[in-house]
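S.K.: For reference, the file start-v8.cif (mmCIF, C-alpha atoms) is included below:
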data_run
loop_
_atom_site.label_atom_id
_atom_site.label_comp_id
_atom_site.auth_asym_id
_atom_site.auth_seq_id
_atom_site.Cartn_x
_atom_site.Cartn_y
_atom_site.Cartn_z
CA MET A 1 -47.81 87.42 -34.76
CA ARG A 2 -51.32 88.18 -35.98
CA LYS A 3 -53.12 91.05 -34.35
CA ILE A 4 -55.32 89.97 -31.49
CA SER A 5 -58.80 91.44 -31.37
CA ILE A 6 -60.91 90.67 -28.32
CA ILE A 7 -64.05 92.29 -26.97
CA LEU A 8 -63.39 92.47 -23.26
CA ILE A 9 -66.44 91.74 -21.15
CA THR A 10 -67.00 91.56 -17.43
CA ILE A 11 -66.82 87.95 -16.25
CA ILE A 12 -67.82 86.58 -12.86
CA LEU A 13 -66.63 83.08 -12.12
CA THR A 14 -69.09 80.62 -10.65
CA LEU A 15 -67.15 78.47 -8.22
CA SER A 16 -68.22 75.16 -6.72
CA SER A 17 -70.20 75.20 -3.48
CA CYS A 18 -67.25 74.03 -1.43
CA ARG A 19 -65.17 76.98 -2.60
CA LYS A 20 -65.60 80.55 -1.39
CA SER A 21 -67.53 82.77 -3.79
CA PRO A 22 -65.19 85.64 -4.64
CA ASP A 23 -66.43 89.23 -4.33
CA TYR A 24 -64.17 90.39 -7.13
CA VAL A 25 -63.93 90.10 -10.89
CA PRO A 26 -60.96 88.01 -12.07
CA TYR A 27 -58.23 90.13 -13.55
CA ILE A 28 -57.96 91.02 -17.20
CA GLY A 29 -54.52 92.34 -17.93
CA GLU A 30 -51.45 93.03 -15.86
CA THR A 31 -52.97 94.43 -12.64
CA SER A 32 -55.21 92.18 -10.59
CA LYS A 33 -56.72 94.96 -8.43
CA MET A 34 -57.40 92.56 -5.60
CA SER A 35 -56.81 93.09 -1.92
CA TYR A 36 -56.89 90.82 1.09
CA SER A 37 -56.39 90.98 4.82
CA ASN A 38 -55.62 87.40 5.83
CA TYR A 39 -53.78 84.31 4.56
CA ALA A 40 -56.89 82.51 3.30
CA GLU A 41 -57.95 85.50 1.23
CA GLN A 42 -54.42 85.86 -0.15
CA PHE A 43 -54.43 82.24 -1.28
CA ASP A 44 -57.93 82.64 -2.72
CA VAL A 45 -56.85 85.63 -4.82
CA LEU A 46 -53.76 83.89 -6.16
CA TRP A 47 -55.58 80.63 -6.84
CA ASN A 48 -58.40 82.34 -8.75
CA ASN A 49 -56.09 84.54 -10.81
CA ILE A 50 -53.99 81.55 -11.87
CA ASN A 51 -57.14 79.49 -12.44
CA THR A 52 -58.38 82.17 -14.85
CA GLY A 53 -55.18 83.34 -16.51
CA TYR A 54 -52.80 80.39 -16.69
CA VAL A 55 -52.47 79.42 -20.35
CA PHE A 56 -51.22 75.83 -19.93
CA TRP A 57 -54.17 74.07 -18.29
CA ASP A 58 -54.57 71.88 -21.39
CA VAL A 59 -51.18 70.23 -20.77
CA ASP A 60 -50.41 70.92 -17.09
CA LYS A 61 -51.37 67.90 -14.99
CA THR A 62 -51.59 69.77 -11.68
CA ASP A 63 -54.86 69.06 -9.85
CA TRP A 64 -55.66 72.74 -9.34
CA ASP A 65 -59.07 72.11 -7.77
CA GLY A 66 -57.45 69.59 -5.48
CA MET A 67 -54.90 72.20 -4.43
CA TYR A 68 -57.70 74.50 -3.31
CA GLU A 69 -59.53 71.83 -1.36
CA LYS A 70 -56.35 70.62 0.34
CA TYR A 71 -54.70 73.91 1.19
CA MET A 72 -57.51 76.37 1.91
CA PRO A 73 -58.16 74.75 5.33
CA GLN A 74 -54.44 75.04 6.09
CA PHE A 75 -54.45 78.78 5.33
CA GLU A 76 -57.58 79.22 7.42
CA ALA A 77 -55.75 77.46 10.25
CA LEU A 78 -52.86 79.91 9.87
CA ASP A 79 -55.33 82.78 10.21
CA ALA A 80 -56.73 81.25 13.37
CA ARG A 81 -53.21 80.86 14.74
CA TYR A 82 -52.37 84.46 13.95
CA GLU A 83 -55.58 85.67 15.60
CA SER A 84 -54.61 83.76 18.74
CA GLY A 85 -51.36 85.73 18.90
CA LYS A 86 -48.98 83.18 17.41
CA ALA A 87 -46.77 84.27 14.53
CA VAL A 88 -46.77 82.65 11.10
CA GLU A 89 -43.21 82.29 9.87
CA THR A 90 -42.40 83.12 6.28
CA LYS A 91 -40.59 79.81 5.79
CA GLU A 92 -43.84 77.98 6.59
CA LEU A 93 -45.68 79.96 3.93
CA GLN A 94 -42.82 79.33 1.52
CA ALA A 95 -43.17 75.58 2.01
CA LEU A 96 -46.93 75.68 1.44
CA TYR A 97 -46.75 77.74 -1.74
CA ASP A 98 -43.93 75.61 -3.10
CA GLU A 99 -46.20 72.60 -2.73
CA ILE A 100 -49.07 74.43 -4.43
CA MET A 101 -47.33 76.21 -7.30
CA GLY A 102 -43.85 74.72 -7.46
CA GLY A 103 -44.88 71.96 -9.85
CA LEU A 104 -46.61 74.08 -12.50
CA ILE A 105 -45.02 73.58 -15.91
CA ASP A 106 -44.70 77.22 -16.96
CA HIS A 107 -40.92 77.63 -16.96
CA HIS A 108 -41.24 81.40 -17.29
CA MET A 109 -43.30 81.52 -14.11
CA TYR A 110 -41.94 83.49 -11.18
CA VAL A 111 -44.17 84.13 -8.16
CA GLN A 112 -43.55 86.64 -5.40
CA LEU A 113 -45.78 87.35 -2.43
CA LYS A 114 -45.38 88.90 0.97
CA ASN A 115 -46.08 87.46 4.36
CA ILE A 116 -48.77 89.99 5.22
CA HIS A 117 -48.36 89.38 8.97
CA PRO A 118 -44.59 88.93 9.41
CA SER A 119 -43.20 88.08 12.81
CA PHE A 120 -40.54 90.17 14.51
CA SER A 121 -37.92 87.57 13.66
CA ASN A 122 -38.88 87.90 10.01
CA ASN A 123 -38.57 91.68 10.14
CA SER A 124 -35.18 91.55 11.79
CA PHE A 125 -33.79 89.64 8.82
CA GLY A 126 -35.92 91.32 6.16
CA ASN A 127 -37.13 87.92 5.06
CA ASN A 128 -40.83 88.48 4.42
CA THR A 129 -41.03 87.57 0.73
CA ILE A 130 -41.98 84.16 -0.62
CA VAL A 131 -40.54 83.27 -4.04
CA ILE A 132 -41.67 80.32 -6.13
CA ASN A 133 -39.87 79.33 -9.34
CA PRO A 134 -41.27 76.10 -10.84
CA ALA A 135 -38.51 75.88 -13.46
CA ASN A 136 -35.78 75.77 -10.81
CA ASN A 137 -37.64 72.96 -9.09
CA GLU A 138 -37.89 70.93 -12.30
CA ILE A 139 -34.48 71.30 -13.93
CA VAL A 140 -32.62 69.98 -10.89
CA THR A 141 -34.37 66.63 -11.44
CA ARG A 142 -32.85 66.16 -14.91
CA ASP A 143 -30.06 63.61 -15.08
CA TYR A 144 -27.81 66.05 -16.97
CA TYR A 145 -28.44 68.97 -14.59
CA TYR A 146 -25.53 71.17 -13.54
CA LYS A 147 -25.28 74.63 -12.03
CA GLU A 148 -24.58 77.38 -14.53
CA ASN A 149 -21.22 78.14 -12.94
CA TYR A 150 -19.18 79.29 -15.91
CA ASP A 151 -19.02 82.39 -18.11
CA MET A 152 -19.58 81.61 -21.80
CA SER A 153 -17.86 84.81 -22.91
CA ASN A 154 -14.78 83.92 -20.90
CA GLU A 155 -14.86 80.33 -22.15
CA LEU A 156 -14.89 81.53 -25.76
CA GLN A 157 -12.14 84.07 -25.21
CA GLN A 158 -9.95 81.43 -23.61
CA PHE A 159 -10.62 79.10 -26.55
CA ILE A 160 -9.46 81.75 -29.02
CA LYS A 161 -6.31 82.36 -26.98
CA ARG A 162 -5.55 78.64 -27.05
CA VAL A 163 -6.00 78.61 -30.82
CA ALA A 164 -3.66 81.60 -31.17
CA ALA A 165 -1.08 79.77 -29.05
CA ASN A 166 -1.36 76.67 -31.28
CA LYS A 167 -2.90 74.67 -28.45
CA GLU A 168 -6.00 73.93 -30.57
CA SER A 169 -4.24 72.83 -33.74
CA ASP A 170 -7.33 71.38 -35.45
CA TYR A 171 -8.89 74.81 -35.96
CA LYS A 172 -7.73 78.19 -37.11
CA VAL A 173 -9.46 81.41 -36.09
CA VAL A 174 -9.31 84.03 -38.83
CA LYS A 175 -11.23 86.55 -36.76
CA GLY A 176 -12.54 86.68 -33.21
CA ASP A 177 -14.57 89.65 -31.95
CA PHE A 178 -16.25 90.21 -28.58
CA GLN A 179 -18.63 93.01 -27.70
CA THR A 180 -20.70 93.93 -24.68
CA VAL A 181 -23.41 96.54 -25.04
CA LYS A 182 -26.15 97.90 -22.81
CA VAL A 183 -29.61 97.33 -24.22
CA ASP A 184 -32.42 98.78 -22.14
CA ASP A 185 -31.55 97.76 -18.57
CA SER A 186 -29.31 94.80 -19.31
CA GLN A 187 -25.87 94.04 -20.70
CA VAL A 188 -25.70 91.88 -23.81
CA SER A 189 -22.51 89.98 -24.64
CA LEU A 190 -21.75 88.74 -28.16
CA CYS A 191 -18.98 86.77 -29.83
CA TYR A 192 -18.23 86.35 -33.54
CA ILE A 193 -15.62 83.85 -34.70
CA LEU A 194 -14.65 83.07 -38.27
CA PHE A 195 -13.17 79.59 -38.25
CA GLN A 196 -11.06 78.23 -41.07
CA LEU A 197 -10.70 74.50 -41.51
CA PRO A 198 -7.47 72.80 -42.66
CA ASP A 199 -8.97 72.45 -46.17
CA GLY A 200 -9.40 76.24 -46.36
CA ARG A 201 -13.18 76.39 -45.92
CA TYR A 202 -14.82 78.80 -43.47
CA ILE A 203 -17.37 78.50 -40.67
CA PRO A 204 -18.91 81.75 -39.34
CA TYR A 205 -19.96 81.39 -35.69
CA LEU A 206 -22.14 83.65 -33.53
CA TRP A 207 -22.91 83.53 -29.80
CA GLN A 208 -24.94 85.95 -27.72
CA ASP A 209 -26.29 85.67 -24.21
CA SER A 210 -29.71 87.14 -25.09
CA TYR A 211 -31.68 88.06 -28.17
CA ARG A 212 -31.59 91.84 -28.56
CA MET A 213 -30.44 91.85 -32.18
CA SER A 214 -33.35 93.88 -33.56
CA THR A 215 -32.47 96.73 -31.23
CA ILE A 216 -28.73 96.42 -31.70
CA MET A 217 -28.97 96.40 -35.49
CA THR A 218 -30.57 99.87 -35.47
CA GLY A 219 -27.03 101.14 -34.94
CA LEU A 220 -25.50 99.33 -37.92
CA ASN A 221 -24.94 102.43 -40.05
CA ASN A 222 -24.51 104.94 -37.25
CA PRO A 223 -20.95 105.15 -35.82
CA GLN A 224 -22.29 107.43 -33.09
CA SER A 225 -24.68 104.77 -31.80
CA ARG A 226 -23.74 102.80 -28.72
CA TYR A 227 -24.91 99.74 -30.67
CA TYR A 228 -22.58 100.35 -33.61
CA LYS A 229 -19.75 97.94 -32.75
CA ALA A 230 -22.10 95.17 -31.65
CA ALA A 231 -24.15 95.65 -34.83
CA GLN A 232 -20.97 95.39 -36.91
CA LEU A 233 -20.16 92.11 -35.16
CA ILE A 234 -23.59 90.63 -35.95
CA ASP A 235 -23.38 91.87 -39.51
CA SER A 236 -19.93 90.29 -39.95
CA TRP A 237 -21.41 86.90 -39.07
CA LYS A 238 -24.43 87.41 -41.32
CA GLN A 239 -22.43 88.63 -44.31
CA ALA A 240 -19.90 85.80 -43.97
CA ALA A 241 -22.78 83.33 -43.88
CA LEU A 242 -24.56 84.92 -46.84
CA LYS A 243 -21.73 85.93 -49.17
CA THR A 244 -18.97 83.35 -48.77
CA ASP A 245 -18.76 81.25 -51.92
CA LYS A 246 -20.45 77.86 -51.67
CA LYS A 247 -17.17 76.03 -52.16
CA GLN A 248 -15.58 78.06 -49.37
CA LEU A 249 -18.44 77.90 -46.85
CA ALA A 250 -18.32 74.67 -44.84
CA GLY A 251 -21.27 75.58 -42.63
CA ILE A 252 -22.75 78.06 -40.15
CA ILE A 253 -22.91 77.91 -36.36
CA LEU A 254 -25.40 79.72 -34.10
CA ASP A 255 -24.56 79.21 -30.43
CA ASN A 256 -27.63 79.48 -28.17
CA ARG A 257 -25.96 78.10 -25.04
CA CYS A 258 -26.69 80.17 -21.93
CA ASN A 259 -28.99 82.42 -23.96
CA SER A 260 -31.70 83.79 -21.69
CA GLY A 261 -34.10 84.77 -24.49
CA GLY A 262 -35.38 88.09 -25.72
CA SER A 263 -37.14 89.54 -28.76
CA SER A 264 -39.20 87.24 -30.99
CA ALA A 265 -38.41 89.59 -33.89
CA ASP A 266 -34.84 88.30 -33.86
CA VAL A 267 -35.83 85.32 -36.00
CA ASN A 268 -35.46 87.87 -38.78
CA HIS A 269 -31.71 87.88 -38.16
CA VAL A 270 -30.95 84.20 -37.54
CA VAL A 271 -33.60 82.35 -39.57
CA ALA A 272 -35.03 84.68 -42.24
CA PRO A 273 -31.69 85.19 -44.08
CA PHE A 274 -31.37 81.44 -44.67
CA ILE A 275 -34.74 80.52 -46.18
CA LYS A 276 -36.28 81.08 -49.60
CA GLN A 277 -39.92 80.59 -48.64
CA ASP A 278 -42.08 81.25 -45.58
CA LEU A 279 -41.33 79.05 -42.57
CA SER A 280 -44.09 78.22 -40.07
CA VAL A 281 -43.03 75.52 -37.64
CA VAL A 282 -44.56 76.86 -34.40
CA SER A 283 -47.96 78.30 -33.51
CA THR A 284 -49.28 80.21 -30.52
CA ARG A 285 -52.58 80.78 -28.79
CA TYR A 286 -53.77 82.80 -25.81
CA LYS A 287 -56.52 82.79 -23.18
CA GLU A 288 -59.58 84.52 -24.60
CA GLY A 289 -61.93 83.68 -21.73
CA PRO A 290 -61.84 82.88 -17.99
CA GLY A 291 -62.38 79.15 -18.35
CA ARG A 292 -59.28 77.02 -18.10
CA LEU A 293 -59.61 75.77 -21.66
CA GLU A 294 -60.96 78.94 -23.27
CA HIS A 295 -58.14 79.44 -25.75
CA SER A 296 -58.00 81.26 -29.04
CA VAL A 297 -57.32 79.29 -32.21
CA TRP A 298 -53.71 78.38 -32.95
CA SER A 299 -52.00 81.07 -35.00
CA PRO A 300 -48.82 80.25 -36.96
CA MET A 301 -45.71 82.29 -36.26
CA THR A 302 -44.46 82.77 -39.80
CA VAL A 303 -40.89 83.72 -40.65
CA GLU A 304 -40.62 85.39 -44.04
CA PRO A 305 -37.36 85.30 -46.02
CA SER A 306 -35.15 88.36 -45.76
CA THR A 307 -34.63 90.47 -48.85
CA GLN A 308 -31.01 89.38 -48.69
CA ASN A 309 -31.08 85.61 -48.26
CA ARG A 310 -29.37 82.35 -49.06
CA ASP A 311 -30.95 78.96 -49.73
CA LEU A 312 -28.90 76.69 -47.51
CA ALA A 313 -31.01 73.68 -48.48
CA ALA A 314 -30.37 74.10 -52.19
CA GLU A 315 -26.64 74.51 -51.58
CA ASN A 316 -26.57 71.71 -48.98
CA ILE A 317 -24.80 73.87 -46.39
CA PRO A 318 -25.22 72.71 -42.78
CA TYR A 319 -26.58 75.15 -40.19
CA VAL A 320 -25.69 73.94 -36.70
CA VAL A 321 -27.16 75.28 -33.46
CA LEU A 322 -25.56 74.69 -30.07
CA SER A 323 -27.99 74.40 -27.17
CA ASN A 324 -27.75 73.57 -23.49
CA LEU A 325 -29.87 73.37 -20.37
CA TYR A 326 -29.71 77.16 -20.07
CA SER A 327 -30.95 77.90 -23.59
CA ILE A 328 -34.16 79.69 -22.59
CA SER A 329 -37.19 81.13 -24.40
CA MET A 330 -35.94 82.67 -27.68
CA GLY A 331 -32.76 80.68 -27.10
CA GLU A 332 -34.99 77.62 -27.55
CA ILE A 333 -37.45 78.89 -30.13
CA THR A 334 -34.70 79.89 -32.56
CA THR A 335 -33.02 76.54 -31.91
CA TYR A 336 -36.17 74.71 -32.96
CA ASN A 337 -36.75 76.93 -35.99
CA VAL A 338 -33.25 76.26 -37.30
CA SER A 339 -33.54 72.55 -36.51
CA GLN A 340 -36.50 72.34 -38.89
CA LEU A 341 -34.52 73.63 -41.86
CA PRO A 342 -33.46 70.86 -44.27
CA THR A 343 -29.80 71.24 -43.26
CA GLY A 344 -30.46 72.34 -39.67
CA TYR A 345 -28.85 70.33 -36.86
CA VAL A 346 -28.70 70.75 -33.07
CA VAL A 347 -25.77 69.75 -30.88
CA GLY A 348 -25.77 69.90 -27.07
CA GLU A 349 -28.45 69.38 -24.45
CA ARG A 350 -32.22 69.45 -24.08
CA THR A 351 -33.20 73.06 -23.52
CA TYR A 352 -34.78 74.74 -20.50
CA GLY A 353 -38.46 74.55 -21.45
CA ALA A 354 -39.63 78.17 -21.15
CA THR A 355 -41.22 78.53 -24.57
CA GLY A 356 -44.51 80.36 -23.95
CA PRO A 357 -44.02 83.90 -25.32
CA LEU A 358 -44.48 86.89 -23.04
CA LEU A 359 -45.61 89.89 -25.05
CA PRO A 360 -46.36 92.89 -22.78
CA GLY A 361 -48.26 94.70 -25.53
CA TYR A 362 -50.89 91.95 -25.58
CA ILE A 363 -51.43 91.45 -21.84
CA ASP A 364 -54.37 93.84 -21.59
CA MET A 365 -56.07 92.07 -24.51
CA THR A 366 -56.04 88.55 -23.09
CA TYR A 367 -57.00 86.68 -19.93
CA GLY A 368 -53.41 85.52 -19.49
CA GLY A 369 -49.97 86.78 -18.59
CA PRO A 370 -48.42 88.50 -15.57
CA PHE A 371 -50.56 90.05 -12.86
CA GLY A 372 -50.24 91.79 -9.52
CA ASP A 373 -48.02 94.42 -7.96
CA MET A 374 -45.70 93.71 -5.03
CA GLN A 375 -45.79 97.26 -3.71
CA ASN A 376 -49.54 97.82 -3.86
CA GLU A 377 -50.99 94.34 -3.78
CA ASN A 378 -48.37 92.23 -1.96
CA HIS A 379 -48.07 89.75 -4.82
CA TYR A 380 -46.75 89.50 -8.37
CA VAL A 381 -47.03 86.53 -10.71
CA TYR A 382 -44.96 86.47 -13.90
CA THR A 383 -46.39 83.93 -16.31
CA SER A 384 -46.62 83.31 -20.04
CA THR A 385 -49.05 85.28 -22.20
CA PHE A 386 -49.16 82.63 -24.91
CA GLU A 387 -48.90 78.87 -25.29
CA MET A 388 -46.70 77.56 -28.07
CA GLN A 389 -46.79 74.26 -29.97
CA THR A 390 -44.73 72.86 -32.83
CA HIS A 391 -46.16 71.94 -36.23
CA GLU A 392 -46.11 68.35 -34.95
CA GLY A 393 -48.51 69.26 -32.13
CA PHE A 394 -45.88 69.08 -29.37
CA VAL A 395 -46.12 71.63 -26.54
CA PRO A 396 -42.51 71.99 -25.25
CA GLU A 397 -43.33 74.00 -22.13
CA GLY A 398 -41.58 72.53 -19.11
CA ILE A 399 -39.76 70.04 -21.34
CA GLY A 400 -37.65 71.90 -23.90
CA PHE A 401 -36.23 70.74 -27.22
CA THR A 402 -34.01 67.68 -27.58
CA PRO A 403 -30.82 68.00 -29.69
CA ASP A 404 -30.04 65.85 -32.69
CA LYS A 405 -26.71 64.96 -31.07
CA GLU A 406 -26.47 64.99 -27.30
CA VAL A 407 -23.20 66.30 -25.92
CA LEU A 408 -23.46 67.06 -22.21
CA THR A 409 -21.73 69.92 -20.43
CA LYS A 410 -20.96 67.89 -17.34
CA THR A 411 -19.18 65.20 -19.34
CA SER A 412 -17.75 67.04 -22.36
CA GLY A 413 -17.55 70.64 -21.19
CA VAL A 414 -18.21 73.83 -23.11
CA LYS A 415 -15.36 73.21 -25.55
CA GLY A 416 -16.43 69.60 -26.14
CA GLN A 417 -19.81 70.79 -27.41
CA LEU A 418 -18.17 73.28 -29.76
CA ASP A 419 -15.79 70.60 -30.97
CA ALA A 420 -18.75 68.36 -31.75
CA ALA A 421 -20.43 71.09 -33.82
CA LEU A 422 -17.24 71.82 -35.74
CA LYS A 423 -16.65 68.10 -36.30
CA TYR A 424 -20.17 67.62 -37.63
CA ILE A 425 -19.67 70.40 -40.18
CA THR A 426 -16.19 69.15 -41.13
CA GLU A 427 -17.57 65.70 -41.89
CA TYR A 428 -20.86 66.85 -43.44
CA LYS A 429 -21.63 65.60 -46.94
#
Please render this file's structure as structure tokens.

M.R.:
Amino acid sequence: MRKISIILITIILTLSSCRKSPDYVPYIGETSKMSYSNYAEQFDVLWNNINTGYVFWDVDKTDWDGMYEKYMPQFEALDARYESGKAVETKELQALYDEIMGGLIDHHMYVQLKNIHPSFSNNSFGNNTIVINPANNEIVTRDYYYKENYDMSNELQQFIKRVAANKESDYKVVKGDFQTVKVDDSQVSLCYILFQLPDGRYIPYLWQDSYRMSTIMTGLNNPQSRYYKAAQLIDSWKQAALKTDKKQLAGIILDNRCNSGGSSADVNHVVAPFIKQDLSVVSTRYKEGPGRLEHSVWSPMTVEPSTQNRDLAAENIPYVVLSNLYSISMGEITTYNVSQLPTGYVVGERTYGATGPLLPGYIDMTYGGPFGDMQNENHYVYTSTFEMQTHEGFVPEGIGFTPDKEVLTKTSGVKGQLDAALKYITEYK
């Protein structure tokens, strides 16, 4: 990512005459520093912050001005009701904000705000927080939608047990390794499998539920590190993919199913080792001004080859990625990067659609990204810092990436998708 250099200046928005003139400066950076004492002011603050900082106004079809004109009178009516002594229930606010923000296309977006005048019934149940998640609203409308009600780690372990018991006779597992490691405040699960086909060729396979490889790999040569075993697992996959003789390597599998995302630097572990020249298939841009369409220029995200690398294209070795509905963020971006390699191929489902990077280190240098503070300001909005597009000009936010071969979870199951990937490699010429 190229370094962003912006001269921050004080901006005062000029709103239309039918809209209240704000007595605050729109936020720049993570904290909005805005207060309010009634429902109309709360809506005004949220509307203006999103109006200024939302990075997807070029592709999002929401009539944001229309939302203000339609809903401001309704919030003013709630204030009048409250002043007359009648409570405003949190569920009513929830319904209003779902209508306003629930259709935005940012699939990273997560909005929290408090009912600033909760009723006694609200307090008794502790239910004073409104939560809006546009992605959850959208994915349930997809014809292949299903609840994420299975554990990928368990599914893979059960598969290996079936292979060991000769219940999966088409495939032999030479090695199967599972690791779970704490990275920052979360647990990361990983699985490495070395498949051997009936003709003796090998397929190294890697799954992880989030991209934390750059951190984990710091423990590769340190047996005292808590990351050591997980780093050894990742390295086993990488070395098998890089060093197995061409005649013995049938293909490579990267499983991004149920991967919630993570570090953008991890392309250096799953893409960079398998290219011989720079790869730039996606670009990003950010908000550099308060206007809805005041974006920076598009900047390519370039992946440079690793020092240790293998030219899969020259050797005609297939690199298959498994994706599903719950491949999110880096789980999608790495999927697309691999798909653009000459021998890259994607099996599974269209991904989640949360592709706009969130880079905390850049928030204070742009007009976009998360803002607010639930404790001090009664609201918090988590939203993308950058917009991403492919080299073809496609913005995948809210849509996701479509696989080369669709194999649906609800019809074929987790194993059926893996079978399809293995079959593709087995038959590849």

S.K.: With all atoms listed in the file as the basis for distance, which of A:Leu220, A:Ala272, A:Val111, A:Leu194 is at the shortest distance from Ala240 (chain A)?

M.R.: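 Closest candidate: A:Leu194.
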
S.K.: List the residues selected by the PyMOL selection byres ((chain A and resi 357) around 9) in the file shown, writing them as a list in words.

M.R.: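 With the shown file as input, the PyMOL selection byres ((chain A and resi 357) around 9) matches His108, Ser264, Thr284, Ser329, Met330, Ala354, Thr355, Gly356, Leu358, Leu359, Ser384, Thr385, Phe386, Glu387 and Met388 of chain A.
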
S.K.: Just the selected residues (C-alpha atoms), exported as an mmCIF file, in the coordinates of the input, please.

M.R.:
data_model
loop_
_atom_site.group_PDB
_atom_site.id
_atom_site.type_symbol
_atom_site.label_atom_id
_atom_site.label_comp_id
_atom_site.auth_asym_id
_atom_site.auth_seq_id
_atom_site.Cartn_x
_atom_site.Cartn_y
_atom_site.Cartn_z
ATOM 1 C CA HIS A 108 -41.240 81.400 -17.290
ATOM 2 C CA SER A 264 -39.200 87.240 -30.990
ATOM 3 C CA THR A 284 -49.280 80.210 -30.520
ATOM 4 C CA SER A 329 -37.190 81.130 -24.400
ATOM 5 C CA MET A 330 -35.940 82.670 -27.680
ATOM 6 C CA ALA A 354 -39.630 78.170 -21.150
ATOM 7 C CA THR A 355 -41.220 78.530 -24.570
ATOM 8 C CA GLY A 356 -44.510 80.360 -23.950
ATOM 9 C CA LEU A 358 -44.480 86.890 -23.040
ATOM 10 C CA LEU A 359 -45.610 89.890 -25.050
ATOM 11 C CA SER A 384 -46.620 83.310 -20.040
ATOM 12 C CA THR A 385 -49.050 85.280 -22.200
ATOM 13 C CA PHE A 386 -49.160 82.630 -24.910
ATOM 14 C CA GLU A 387 -48.900 78.870 -25.290
ATOM 15 C CA MET A 388 -46.700 77.560 -28.070
#

S.K.: Need the shell around region 150-160 of chain A: protein/DNA/RNA residues with any atom at most 10 Å away, counting all atoms listed in the file. Skip same-chain ones fewer than 3 positions apart. Format as an MDAnalysis selection string?

M.R.: chainID A and resid 147 163:168 171:173 175:180 189:193 207:209 257:259 414:415 418

S.K.: Go ahead and write the residues just picked, C-alpha atoms, as a PDB file, in the frame of the given file.

M.R.:
ATOM      1  CA  LYS A 147     -25.280  74.630 -12.030  1.00  0.00           C
ATOM      2  CA  VAL A 163      -6.000  78.610 -30.820  1.00  0.00           C
ATOM      3  CA  ALA A 164      -3.660  81.600 -31.170  1.00  0.00           C
ATOM      4  CA  ALA A 165      -1.080  79.770 -29.050  1.00  0.00           C
ATOM      5  CA  ASN A 166      -1.360  76.670 -31.280  1.00  0.00           C
ATOM      6  CA  LYS A 167      -2.900  74.670 -28.450  1.00  0.00           C
ATOM      7  CA  GLU A 168      -6.000  73.930 -30.570  1.00  0.00           C
ATOM      8  CA  TYR A 171      -8.890  74.810 -35.960  1.00  0.00           C
ATOM      9  CA  LYS A 172      -7.730  78.190 -37.110  1.00  0.00           C
ATOM     10  CA  VAL A 173      -9.460  81.410 -36.090  1.00  0.00           C
ATOM     11  CA  LYS A 175     -11.230  86.550 -36.760  1.00  0.00           C
ATOM     12  CA  GLY A 176     -12.540  86.680 -33.210  1.00  0.00           C
ATOM     13  CA  ASP A 177     -14.570  89.650 -31.950  1.00  0.00           C
ATOM     14  CA  PHE A 178     -16.250  90.210 -28.580  1.00  0.00           C
ATOM     15  CA  GLN A 179     -18.630  93.010 -27.700  1.00  0.00           C
ATOM     16  CA  THR A 180     -20.700  93.930 -24.680  1.00  0.00           C
ATOM     17  CA  SER A 189     -22.510  89.980 -24.640  1.00  0.00           C
ATOM     18  CA  LEU A 190     -21.750  88.740 -28.160  1.00  0.00           C
ATOM     19  CA  CYS A 191     -18.980  86.770 -29.830  1.00  0.00           C
ATOM     20  CA  TYR A 192     -18.230  86.350 -33.540  1.00  0.00           C
ATOM     21  CA  ILE A 193     -15.620  83.850 -34.700  1.00  0.00           C
ATOM     22  CA  TRP A 207     -22.910  83.530 -29.800  1.00  0.00           C
ATOM     23  CA  GLN A 208     -24.940  85.950 -27.720  1.00  0.00           C
ATOM     24  CA  ASP A 209     -26.290  85.670 -24.210  1.00  0.00           C
ATOM     25  CA  ARG A 257     -25.960  78.100 -25.040  1.00  0.00           C
ATOM     26  CA  CYS A 258     -26.690  80.170 -21.930  1.00  0.00           C
ATOM     27  CA  ASN A 259     -28.990  82.420 -23.960  1.00  0.00           C
ATOM     28  CA  VAL A 414     -18.210  73.830 -23.110  1.00  0.00           C
ATOM     29  CA  LYS A 415     -15.360  73.210 -25.550  1.00  0.00           C
ATOM     30  CA  LEU A 418     -18.170  73.280 -29.760  1.00  0.00           C
TER      31      LEU A 418
END

S.K.: Given the file above and the PyMOL selection byres ((chain A and resi 376-379) around 10), which residues are selected, and can you give them as a ChimeraX atom specification?

M.R.: /A:31-36,42,45-46,111-116,129-131,371-375,380-381

S.K.: Please evaluate the PyMOL selection byres ((chain A and resi 202) around 9) against the displayed coordinates and give the resulting residues as a compact mmCIF listing (two decimals) with C-alpha atoms, keeping the file's coordinate frame.

M.R.:
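What follows is the written file part02.txt:
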# COMPACT_ATOMS: atom_id res chain seq x y z
CA VAL A 174 -9.31 84.03 -38.83
CA LEU A 194 -14.65 83.07 -38.27
CA PHE A 195 -13.17 79.59 -38.25
CA GLN A 196 -11.06 78.23 -41.07
CA LEU A 197 -10.70 74.50 -41.51
CA GLY A 200 -9.40 76.24 -46.36
CA ARG A 201 -13.18 76.39 -45.92
CA ILE A 203 -17.37 78.50 -40.67
CA PRO A 204 -18.91 81.75 -39.34
CA ALA A 240 -19.90 85.80 -43.97
CA THR A 244 -18.97 83.35 -48.77
CA GLN A 248 -15.58 78.06 -49.37
CA LEU A 249 -18.44 77.90 -46.85
CA ALA A 250 -18.32 74.67 -44.84
CA GLY A 251 -21.27 75.58 -42.63
CA ILE A 252 -22.75 78.06 -40.15

S.K.: Give me, please, the distance in Å between CA of Pro134 (chain A) and CA of Gly102 (chain A), quoted to one decimal.

M.R.: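 Computing the Euclidean distance for CA of Pro134 (chain A) and CA of Gly102 (chain A) yields 4.5 Å.
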